[in-house]
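> Here it is, the structure, as structure tokens.
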Amino acid sequence: MMNKHVTIEEVGQSFKDGMTVMVGGFLGVGTPEVLVQAILDREIKDLTLIVTDTGFIDKGVGPLIVKRLVKHVIASHIGTNVETGKQMIQEQLSVELVPQGTLAERIRCGGSGLGGVLTSTGIGTIVEANKEKIWVDGVEYLIEKPLRADLALLKAKKADKAGNLVYDKSARNFNPVMALAADLVIVQVDEIVEIGEIDPDEVMTPGVLVDQIICIGGAR
């Protein structure tokens, strides 16, 4: 079995300028801070971020915005990061705002090989601008296209050596669905245990989806 436990130096070899990166978390909760810091340390730039929000100036993915390493954001809201709003208004940062449920479904479609999702959310608003629409059984829908990324950076509470993941309560948020929709999935965990120590019923993301694990706690 391939060893998925890697060092932060090995993880850094996968970072490239211009990547599209999904990052788990909601206002910093469930965001892999160590992996975000690794991007900051290497000054990886021109990133497209797919996130629920841009966190705070000093929390979540916010520091990536502050350091101007991001060129485009796809998110449901900008969070409380005033720097995102500032750069957006000054047209220094491109931001695509997507209703949160639609964002989740677009990511799920990207991971499931689907061509998109039909939703009436956004009909009659600026959300429908430049999007295809379709009528089904007398109801008008937007066709929302799938989202995928080169890289997903996720956070879980625990992993076994096969990469099976358990999350910590609401820190789960967008992490599981993002694990489906990236070419390379790297997970920050607090603990790595032996295969078999996690009850199969507790596994929230199966190890087949996980490529690399960085542990900030203990491994055994």
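Chain labels run A, B, ... following the order of the structure tokens; each chain numbers its residues from 1, and ligands are numbered from 1 in the order shown.
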So which residues touch segment 108-110 of chain A within 9 Å, counting only C-alpha atoms, skipping near sequence neighbours fewer than 3 positions away, as a tab-separated table (two decimals) with N, CA, C and O atoms, in the first residue's frame?


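Final output, selection_16.tsv:
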```
chain	number	residue	atom	x	y	z
A	103	LEU	N	-23.15	26.24	-4.94
A	103	LEU	CA	-21.71	25.99	-4.90
A	103	LEU	C	-21.43	24.53	-4.54
A	103	LEU	O	-20.62	23.86	-5.19
A	104	ALA	N	-22.11	24.04	-3.51
A	104	ALA	CA	-21.93	22.65	-3.08
A	104	ALA	C	-22.29	21.69	-4.20
A	104	ALA	O	-21.57	20.70	-4.45
A	105	GLU	N	-23.40	21.96	-4.89
A	105	GLU	CA	-23.84	21.07	-5.95
A	105	GLU	C	-22.91	21.13	-7.17
A	105	GLU	O	-22.67	20.10	-7.82
A	113	GLY	N	-18.74	13.47	-12.19
A	113	GLY	CA	-18.74	13.34	-13.62
A	113	GLY	C	-20.01	13.82	-14.30
A	113	GLY	O	-20.31	13.43	-15.43
A	114	LEU	N	-20.76	14.68	-13.61
A	114	LEU	CA	-22.00	15.21	-14.17
A	114	LEU	C	-21.74	16.50	-14.93
A	114	LEU	O	-20.80	17.25	-14.62
A	115	GLY	N	-22.61	16.81	-15.87
A	115	GLY	CA	-22.41	17.99	-16.70
A	115	GLY	C	-22.90	19.28	-16.09
A	115	GLY	O	-22.71	20.35	-16.66
A	116	GLY	N	-23.54	19.19	-14.92
A	116	GLY	CA	-24.04	20.38	-14.26
A	116	GLY	C	-25.26	20.07	-13.44
A	116	GLY	O	-25.66	18.91	-13.29
A	117	VAL	N	-25.86	21.12	-12.88
A	117	VAL	CA	-27.04	20.97	-12.04
A	117	VAL	C	-28.06	22.03	-12.44
A	117	VAL	O	-27.70	23.14	-12.83
A	145	LYS	N	-22.77	24.95	-14.11
A	145	LYS	CA	-21.77	24.00	-14.56
A	145	LYS	C	-20.89	23.48	-13.41
A	145	LYS	O	-20.74	24.14	-12.39
A	146	PRO	N	-20.32	22.29	-13.59
A	146	PRO	CA	-19.52	21.68	-12.52
A	146	PRO	C	-18.23	22.44	-12.24
A	146	PRO	O	-17.70	23.15	-13.11
A	147	LEU	N	-17.72	22.26	-11.04
A	147	LEU	CA	-16.44	22.84	-10.63
A	147	LEU	C	-15.48	21.72	-10.26
A	147	LEU	O	-15.84	20.79	-9.53
A	148	ARG	N	-14.25	21.85	-10.75
A	148	ARG	CA	-13.17	20.96	-10.35
A	148	ARG	C	-11.93	21.81	-10.07
A	148	ARG	O	-11.85	22.97	-10.45
A	149	ALA	N	-10.95	21.18	-9.41
A	149	ALA	CA	-9.72	21.89	-9.08
A	149	ALA	C	-8.50	21.01	-9.35
A	149	ALA	O	-8.61	19.78	-9.40
A	177	VAL	N	-17.14	17.06	0.28
A	177	VAL	CA	-17.52	17.21	-1.12
A	177	VAL	C	-16.34	17.66	-1.97
A	177	VAL	O	-16.19	17.26	-3.13
A	178	MET	N	-15.44	18.47	-1.39
A	178	MET	CA	-14.26	18.90	-2.13
A	178	MET	C	-13.29	17.75	-2.38
A	178	MET	O	-12.55	17.75	-3.37
A	180	LEU	N	-13.99	15.04	-3.50
A	180	LEU	CA	-14.43	14.36	-4.72
A	180	LEU	C	-13.92	15.03	-5.99
A	180	LEU	O	-13.88	14.39	-7.04
A	181	ALA	N	-13.58	16.31	-5.91
A	181	ALA	CA	-13.54	17.13	-7.12
A	181	ALA	C	-12.19	17.76	-7.42
A	181	ALA	O	-12.11	18.84	-8.01
A	182	ALA	N	-11.10	17.10	-7.05
A	182	ALA	CA	-9.77	17.64	-7.35
A	182	ALA	C	-8.85	16.53	-7.84
A	182	ALA	O	-9.01	15.36	-7.48
```

> Counting only C-alpha atoms, what is within 8 Å of Ala179 of chain A, bar same-chain residues fewer than 3 positions away, as a list of chain:residue names?

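After dropping sequence-adjacent residues, the list is A:Ala152, A:Leu154, A:Asn175, A:Pro176, A:Ala182, A:Val185, A:Thr205, A:Leu209, A:Val210.
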
> I'd like to know which residues of segment 3-165 of chain A are strand (DSSP E or B) (by DSSP, run on the backbone); could you write them as a PyMOL selection string?

chain A and resi 5+20-23+26+29+47-50+56+59+70-75+94-97+117-119+133-136+139-144+149-160+165

> Output N, CA and C atoms for every residue in the selection just made, as a tab-separated table (two decimals), in the first residue's frame.


```
chain	number	residue	atom	x	y	z
A	5	HIS	N	1.39	9.28	4.13
A	5	HIS	CA	1.87	10.22	5.14
A	5	HIS	C	3.11	10.92	4.61
A	20	THR	N	-5.72	25.99	-9.73
A	20	THR	CA	-7.05	26.13	-9.15
A	20	THR	C	-7.09	25.26	-7.90
A	21	VAL	N	-7.40	25.88	-6.77
A	21	VAL	CA	-7.30	25.20	-5.47
A	21	VAL	C	-8.62	25.30	-4.72
A	22	MET	N	-9.15	24.16	-4.30
A	22	MET	CA	-10.28	24.14	-3.37
A	22	MET	C	-9.72	24.05	-1.96
A	23	VAL	N	-10.28	24.83	-1.04
A	23	VAL	CA	-9.85	24.79	0.36
A	23	VAL	C	-11.07	24.65	1.24
A	26	PHE	N	-15.19	26.90	6.83
A	26	PHE	CA	-16.24	27.92	6.85
A	26	PHE	C	-15.82	28.95	7.89
A	29	VAL	N	-13.16	27.69	10.21
A	29	VAL	CA	-13.42	26.42	10.90
A	29	VAL	C	-13.35	25.29	9.88
A	47	LEU	N	-3.43	32.31	-8.06
A	47	LEU	CA	-4.30	31.19	-7.73
A	47	LEU	C	-5.76	31.51	-8.02
A	48	THR	N	-6.50	30.49	-8.41
A	48	THR	CA	-7.97	30.54	-8.40
A	48	THR	C	-8.42	29.73	-7.20
A	49	LEU	N	-9.14	30.38	-6.30
A	49	LEU	CA	-9.61	29.73	-5.07
A	49	LEU	C	-11.09	29.38	-5.18
A	50	ILE	N	-11.43	28.15	-4.86
A	50	ILE	CA	-12.83	27.73	-4.73
A	50	ILE	C	-13.05	27.44	-3.25
A	56	PHE	N	-11.19	35.56	7.35
A	56	PHE	CA	-10.80	36.82	7.98
A	56	PHE	C	-9.43	37.23	7.44
A	59	LYS	N	-7.17	34.72	9.22
A	59	LYS	CA	-7.69	33.38	9.51
A	59	LYS	C	-8.30	32.77	8.27
A	70	VAL	N	-3.86	35.57	-4.89
A	70	VAL	CA	-5.07	35.05	-5.53
A	70	VAL	C	-5.52	36.01	-6.62
A	71	LYS	N	-5.85	35.47	-7.79
A	71	LYS	CA	-6.36	36.31	-8.88
A	71	LYS	C	-7.86	36.17	-9.08
A	72	HIS	N	-8.43	35.03	-8.66
A	72	HIS	CA	-9.85	34.78	-8.88
A	72	HIS	C	-10.40	33.95	-7.72
A	73	VAL	N	-11.59	34.33	-7.24
A	73	VAL	CA	-12.25	33.61	-6.15
A	73	VAL	C	-13.63	33.18	-6.60
A	74	ILE	N	-13.97	31.94	-6.33
A	74	ILE	CA	-15.33	31.44	-6.49
A	74	ILE	C	-15.81	31.06	-5.10
A	75	ALA	N	-16.82	31.77	-4.59
A	75	ALA	CA	-17.24	31.59	-3.20
A	75	ALA	C	-18.70	31.96	-3.04
A	94	SER	N	-10.75	39.21	-9.05
A	94	SER	CA	-12.01	38.78	-9.67
A	94	SER	C	-12.74	37.86	-8.70
A	95	VAL	N	-14.02	38.16	-8.44
A	95	VAL	CA	-14.81	37.36	-7.49
A	95	VAL	C	-16.11	36.92	-8.15
A	96	GLU	N	-16.37	35.63	-8.14
A	96	GLU	CA	-17.64	35.07	-8.59
A	96	GLU	C	-18.40	34.59	-7.36
A	97	LEU	N	-19.51	35.24	-7.06
A	97	LEU	CA	-20.32	34.85	-5.91
A	97	LEU	C	-21.39	33.86	-6.35
A	117	VAL	N	-25.86	21.12	-12.88
A	117	VAL	CA	-27.04	20.97	-12.04
A	117	VAL	C	-28.06	22.03	-12.44
A	118	LEU	N	-29.34	21.67	-12.39
A	118	LEU	CA	-30.41	22.62	-12.65
A	118	LEU	C	-30.91	23.19	-11.34
A	119	THR	N	-31.02	24.52	-11.26
A	119	THR	CA	-31.52	25.15	-10.05
A	119	THR	C	-32.29	26.42	-10.41
A	133	LYS	N	-30.26	28.91	-19.59
A	133	LYS	CA	-31.48	28.59	-18.84
A	133	LYS	C	-32.29	27.55	-19.61
A	134	ILE	N	-33.09	26.81	-18.87
A	134	ILE	CA	-33.88	25.76	-19.48
A	134	ILE	C	-35.22	25.65	-18.73
A	135	TRP	N	-36.26	25.30	-19.47
A	135	TRP	CA	-37.57	25.08	-18.85
A	135	TRP	C	-37.80	23.58	-18.72
A	136	VAL	N	-38.22	23.14	-17.54
A	136	VAL	CA	-38.55	21.74	-17.29
A	136	VAL	C	-39.89	21.69	-16.56
A	139	VAL	N	-41.15	24.95	-15.22
A	139	VAL	CA	-40.30	25.69	-14.28
A	139	VAL	C	-38.99	26.07	-14.98
A	140	GLU	N	-38.58	27.32	-14.81
A	140	GLU	CA	-37.34	27.79	-15.42
A	140	GLU	C	-36.16	27.56	-14.47
A	141	TYR	N	-35.09	27.01	-15.03
A	141	TYR	CA	-33.90	26.70	-14.23
A	141	TYR	C	-32.66	27.32	-14.87
A	142	LEU	N	-31.67	27.61	-14.03
A	142	LEU	CA	-30.33	27.91	-14.50
A	142	LEU	C	-29.56	26.60	-14.65
A	143	ILE	N	-28.71	26.55	-15.66
A	143	ILE	CA	-27.78	25.42	-15.78
A	143	ILE	C	-26.46	25.85	-15.15
A	144	GLU	N	-26.17	25.30	-13.99
A	144	GLU	CA	-24.94	25.63	-13.28
A	144	GLU	C	-23.90	24.55	-13.56
A	149	ALA	N	-10.95	21.18	-9.41
A	149	ALA	CA	-9.72	21.89	-9.08
A	149	ALA	C	-8.50	21.01	-9.35
A	150	ASP	N	-7.37	21.66	-9.50
A	150	ASP	CA	-6.11	20.92	-9.59
A	150	ASP	C	-5.76	20.29	-8.24
A	151	LEU	N	-6.14	21.00	-7.19
A	151	LEU	CA	-5.70	20.63	-5.85
A	151	LEU	C	-6.80	20.94	-4.83
A	152	ALA	N	-7.03	20.02	-3.90
A	152	ALA	CA	-7.92	20.28	-2.76
A	152	ALA	C	-7.12	20.17	-1.48
A	153	LEU	N	-7.21	21.20	-0.65
A	153	LEU	CA	-6.55	21.22	0.67
A	153	LEU	C	-7.64	21.13	1.72
A	154	LEU	N	-7.61	20.05	2.49
A	154	LEU	CA	-8.69	19.75	3.42
A	154	LEU	C	-8.16	19.56	4.83
A	155	LYS	N	-9.10	19.55	5.78
A	155	LYS	CA	-8.73	19.33	7.17
A	155	LYS	C	-9.68	18.31	7.79
A	156	ALA	N	-9.12	17.32	8.49
A	156	ALA	CA	-9.90	16.32	9.20
A	156	ALA	C	-9.32	16.13	10.59
A	157	LYS	N	-10.10	15.54	11.45
A	157	LYS	CA	-9.63	15.27	12.81
A	157	LYS	C	-8.66	14.10	12.84
A	158	LYS	N	-9.00	13.06	12.08
A	158	LYS	CA	-8.23	11.83	12.17
A	158	LYS	C	-8.24	11.11	10.83
A	159	ALA	N	-7.13	10.43	10.54
A	159	ALA	CA	-7.04	9.57	9.37
A	159	ALA	C	-6.37	8.27	9.76
A	160	ASP	N	-6.69	7.20	9.04
A	160	ASP	CA	-5.86	6.00	9.18
A	160	ASP	C	-4.84	6.02	8.05
A	165	LEU	N	-11.04	9.16	6.47
A	165	LEU	CA	-11.08	10.38	7.29
A	165	LEU	C	-12.29	10.44	8.21
```

> Can you pull out the residues contacting Gln212 of chain A? Cut-off 8 Å, using only C-alpha atoms, and skip same-chain residues under 5 positions away; I want them as JSON, numbers by chain.

{"A": [4, 5, 6, 11, 163, 185, 186, 187]}

> Could you write out that same residue set with N, CA, C and O atoms as a PDB file, in the first residue's frame?


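Now in result_5.pdb:
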```pdb
ATOM      1  N   LYS A   4       0.839   7.310   2.353  1.00  0.00           N
ATOM      2  CA  LYS A   4       0.230   8.615   2.101  1.00  0.00           C
ATOM      3  C   LYS A   4       0.692   9.685   3.089  1.00  0.00           C
ATOM      4  O   LYS A   4       0.407  10.861   2.907  1.00  0.00           O
ATOM      5  N   HIS A   5       1.387   9.278   4.126  1.00  0.00           N
ATOM      6  CA  HIS A   5       1.866  10.219   5.144  1.00  0.00           C
ATOM      7  C   HIS A   5       3.110  10.920   4.606  1.00  0.00           C
ATOM      8  O   HIS A   5       4.139  10.298   4.362  1.00  0.00           O
ATOM      9  N   VAL A   6       3.028  12.232   4.422  1.00  0.00           N
ATOM     10  CA  VAL A   6       4.128  12.995   3.835  1.00  0.00           C
ATOM     11  C   VAL A   6       4.502  14.165   4.733  1.00  0.00           C
ATOM     12  O   VAL A   6       3.784  14.508   5.677  1.00  0.00           O
ATOM     13  N   VAL A  11       4.769  18.049   0.429  1.00  0.00           N
ATOM     14  CA  VAL A  11       3.517  18.659  -0.014  1.00  0.00           C
ATOM     15  C   VAL A  11       3.793  19.877  -0.881  1.00  0.00           C
ATOM     16  O   VAL A  11       3.164  20.090  -1.923  1.00  0.00           O
ATOM     17  N   GLY A 163      -5.888   6.572   4.550  1.00  0.00           N
ATOM     18  CA  GLY A 163      -6.466   7.854   4.187  1.00  0.00           C
ATOM     19  C   GLY A 163      -7.939   8.010   4.497  1.00  0.00           C
ATOM     20  O   GLY A 163      -8.545   9.026   4.155  1.00  0.00           O
ATOM     21  N   VAL A 185      -5.617  15.458  -3.768  1.00  0.00           N
ATOM     22  CA  VAL A 185      -6.269  15.770  -2.495  1.00  0.00           C
ATOM     23  C   VAL A 185      -5.262  15.601  -1.362  1.00  0.00           C
ATOM     24  O   VAL A 185      -4.737  14.501  -1.140  1.00  0.00           O
ATOM     25  N   ILE A 186      -4.998  16.700  -0.661  1.00  0.00           N
ATOM     26  CA  ILE A 186      -4.057  16.700   0.463  1.00  0.00           C
ATOM     27  C   ILE A 186      -4.834  17.079   1.726  1.00  0.00           C
ATOM     28  O   ILE A 186      -5.559  18.073   1.735  1.00  0.00           O
ATOM     29  N   VAL A 187      -4.660  16.302   2.780  1.00  0.00           N
ATOM     30  CA  VAL A 187      -5.441  16.495   4.000  1.00  0.00           C
ATOM     31  C   VAL A 187      -4.526  16.732   5.190  1.00  0.00           C
ATOM     32  O   VAL A 187      -3.565  15.980   5.410  1.00  0.00           O
TER      33      VAL A 187
END
```

> Which residues in segment 43-184 of chain A does DSSP call alpha helix (DSSP H)? List them as a VMD selection string.

chain A and resid 62 to 66 82 to 89 100 to 112 175 to 178

> Mind pulling up the distance from atom CA of Glu43 of chain A to atom CA of Ile213 of chain A?

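Atom CA of Ile213 of chain A sits 21.4 Å away from atom CA of Glu43 of chain A.
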
> Quick one: residues within 9 Å of Gly28 of chain A, only C-alpha atoms, excluding same-chain residues fewer than 4 positions away - as an MDAnalysis selection string?

chainID A and resid 24 32:33 53:56 59:62 171
